[in-house]
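This is protein_17.cif (mmCIF, C-alpha atoms).
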data_entry
#
loop_
_atom_site.group_PDB
_atom_site.id
_atom_site.type_symbol
_atom_site.label_atom_id
_atom_site.label_comp_id
_atom_site.auth_asym_id
_atom_site.auth_seq_id
_atom_site.Cartn_x
_atom_site.Cartn_y
_atom_site.Cartn_z
ATOM 1 C CA MET A 1 0.000 0.000 0.000
ATOM 2 C CA ILE A 2 1.330 3.437 -0.953
ATOM 3 C CA ASN A 3 1.382 6.150 1.681
ATOM 4 C CA TYR A 4 -0.050 9.633 1.228
ATOM 5 C CA LYS A 5 3.265 11.456 0.729
ATOM 6 C CA ASP A 6 4.494 8.990 -1.900
ATOM 7 C CA LEU A 7 1.181 9.203 -3.751
ATOM 8 C CA LYS A 8 1.270 13.008 -3.667
ATOM 9 C CA THR A 9 4.838 13.056 -5.014
ATOM 10 C CA ARG A 10 3.919 10.681 -7.812
ATOM 11 C CA LEU A 11 0.772 12.596 -8.776
ATOM 12 C CA LEU A 12 2.510 15.985 -8.785
ATOM 13 C CA LYS A 13 4.878 14.785 -11.524
ATOM 14 C CA ASP A 14 1.948 15.268 -13.931
ATOM 15 C CA LYS A 15 2.009 18.911 -15.113
ATOM 16 C CA ALA A 16 -1.800 19.217 -15.273
ATOM 17 C CA VAL A 17 -2.178 17.833 -11.766
ATOM 18 C CA LYS A 18 0.566 20.121 -10.470
ATOM 19 C CA THR A 19 -1.072 23.204 -12.047
ATOM 20 C CA ALA A 20 -4.462 22.335 -10.541
ATOM 21 C CA TYR A 21 -2.798 21.624 -7.193
ATOM 22 C CA ASN A 22 -1.015 24.984 -7.196
ATOM 23 C CA ASN A 23 -4.218 26.830 -8.090
ATOM 24 C CA LEU A 24 -5.936 25.241 -5.109
ATOM 25 C CA GLY A 25 -2.901 25.522 -2.836
ATOM 26 C CA PRO A 26 -4.514 26.813 0.368
ATOM 27 C CA GLU A 27 -7.368 24.296 0.168
ATOM 28 C CA PHE A 28 -4.993 21.407 -0.469
ATOM 29 C CA ALA A 29 -2.676 22.560 2.300
ATOM 30 C CA LEU A 30 -5.537 22.578 4.788
ATOM 31 C CA VAL A 31 -6.781 19.161 3.694
ATOM 32 C CA GLU A 32 -3.236 17.790 3.817
ATOM 33 C CA MET A 33 -2.785 19.017 7.400
ATOM 34 C CA ILE A 34 -6.084 17.467 8.483
ATOM 35 C CA ILE A 35 -5.270 14.109 6.868
ATOM 36 C CA GLU A 36 -1.748 14.060 8.324
ATOM 37 C CA LYS A 37 -2.973 14.859 11.840
ATOM 38 C CA ARG A 38 -5.772 12.294 11.594
ATOM 39 C CA LEU A 39 -3.408 9.578 10.386
ATOM 40 C CA LYS A 40 -0.711 10.489 12.911
ATOM 41 C CA GLN A 41 -3.266 9.955 15.666
ATOM 42 C CA GLY A 42 -4.341 6.643 14.130
ATOM 43 C CA LEU A 43 -7.904 7.829 13.602
ATOM 44 C CA THR A 44 -10.192 6.634 10.850
ATOM 45 C CA GLN A 45 -12.531 9.061 9.134
ATOM 46 C CA GLN A 46 -15.368 7.468 11.059
ATOM 47 C CA GLN A 47 -13.625 7.959 14.404
ATOM 48 C CA LEU A 48 -12.881 11.610 13.641
ATOM 49 C CA ALA A 49 -16.472 12.165 12.561
ATOM 50 C CA LYS A 50 -17.728 10.685 15.825
ATOM 51 C CA LYS A 51 -15.425 12.973 17.832
ATOM 52 C CA ILE A 52 -16.957 16.049 16.193
ATOM 53 C CA GLY A 53 -20.535 14.782 16.189
ATOM 54 C CA SER A 54 -20.723 14.208 12.457
ATOM 55 C CA LYS A 55 -20.729 11.299 10.017
ATOM 56 C CA GLN A 56 -17.891 9.675 8.056
ATOM 57 C CA PRO A 57 -19.070 10.875 4.609
ATOM 58 C CA VAL A 58 -18.669 14.486 5.787
ATOM 59 C CA ILE A 59 -15.014 13.841 6.675
ATOM 60 C CA SER A 60 -14.523 12.046 3.360
ATOM 61 C CA ARG A 61 -15.911 15.030 1.425
ATOM 62 C CA LEU A 62 -13.733 17.378 3.478
ATOM 63 C CA GLU A 63 -10.610 15.342 2.720
ATOM 64 C CA GLN A 64 -11.523 15.084 -0.968
ATOM 65 C CA GLY A 65 -11.965 18.843 -1.184
ATOM 66 C CA THR A 66 -15.600 18.573 -2.262
ATOM 67 C CA TYR A 67 -17.008 20.098 0.928
ATOM 68 C CA ASN A 68 -16.839 23.802 1.699
ATOM 69 C CA PRO A 69 -16.593 23.813 5.500
ATOM 70 C CA SER A 70 -17.373 26.704 7.801
ATOM 71 C CA ILE A 71 -14.808 28.127 10.200
ATOM 72 C CA LYS A 72 -16.912 26.682 13.023
ATOM 73 C CA PHE A 73 -16.716 23.194 11.490
ATOM 74 C CA LEU A 74 -12.953 23.485 10.933
ATOM 75 C CA THR A 75 -12.539 24.603 14.541
ATOM 76 C CA ARG A 76 -14.356 21.455 15.719
ATOM 77 C CA VAL A 77 -12.117 19.309 13.495
ATOM 78 C CA ALA A 78 -8.984 21.039 14.797
ATOM 79 C CA GLU A 79 -10.044 20.581 18.416
ATOM 80 C CA ALA A 80 -10.809 16.896 17.796
ATOM 81 C CA LEU A 81 -7.287 16.534 16.403
ATOM 82 C CA ASP A 82 -5.733 18.362 19.392
ATOM 83 C CA ALA A 83 -4.809 21.236 17.095
ATOM 84 C CA LYS A 84 -5.610 24.920 16.771
ATOM 85 C CA LEU A 85 -7.164 26.532 13.713
ATOM 86 C CA THR A 86 -5.442 29.752 12.671
ATOM 87 C CA VAL A 87 -6.806 31.898 9.841
ATOM 88 C CA SER A 88 -4.998 34.855 8.309
ATOM 89 C CA ILE A 89 -5.172 37.164 5.334
ATOM 90 C CA SER A 90 -1.951 38.644 4.048
#
Can the structure in the file be given as structure tokens, please?
Amino acid sequence: MINYKDLKTRLLKDKAVKTAYNNLGPEFALVEMIIEKRLKQGLTQQQLAKKIGSKQPVISRLEQGTYNPSIKFLTRVAEALDAKLTVSIS
């Protein structure tokens, strides 16, 4: 089984994928941080969903980038992952 970082490296070798990835940089960065923290803690999507009072498909959509979460939702996810959500505009 391939791990997330190896898959990302392999996929980003494709110029079209890399362009799309760069255009969605902040969204992908956020999703990447959530996935890494979830996996580092050994949590499944279902377990994370339960911790925030949601359902697994919501976490799946979040991690796929097909869900536009609110700041409140992201705060709940961060707290469930023993992390802090920080938002900035520069």
What separation in Å, quoted to one decimal, exists between atom CA of A:Lys8 and atom CA of A:Phe73?
->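 Straight-line distance from atom CA of A:Lys8 to atom CA of A:Phe73 works out to 25.6 Å.
Taken over the whole file, the PyMOL selection byres ((chain A and resi 49) around 12) covers exactly Arg38, Leu43, Thr44, Gln45, Gln46, Gln47, Leu48, Lys50, Lys51, Ile52, Gly53, Ser54, Lys55, Gln56, Pro57, Val58, Ile59, Ser60, Arg61, Leu62, Glu63, Phe73, Leu74, Arg76, Val77, Ala78, Ala80 and Leu81 of chain A.
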For A:Val31, list every protein, DNA or RNA residue within 9 Å, evaluated using all atoms listed in the file, and leave out those in the same chain fewer than 3 positions away; present the list as a list in words.
->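 What passes the distance filter is Pro26, Glu27, Phe28, Ile34, Ile35, Glu36, Leu62, Glu63, Gln64 and Gly65 of chain A.
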Provide the atom CA of A:Ser88 to atom CA of A:Leu12 distance in Å, to one decimal place.
->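 Answer for the atom CA of A:Ser88 to atom CA of A:Leu12 separation: 26.5 Å.
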Using atom CA of A:Leu39 and atom CA of A:Asp82 as the two end points, give the distance in Å to one decimal.
-> 12.8 Å
When distances are computed from all atoms listed in the file, which of A:Thr66, A:Lys84, A:Lys72, A:Ser90 shows the smallest separation from A:Lys37?
->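 Between A:Thr66, A:Lys84, A:Lys72, A:Ser90, the residue approaching A:Lys37 most closely is A:Lys84.
Counting only C-alpha atoms, the residue from A:Gln41, A:Asn3, A:Asn22, A:Thr9 that sits nearest to A:Ala83 is A:Gln41.
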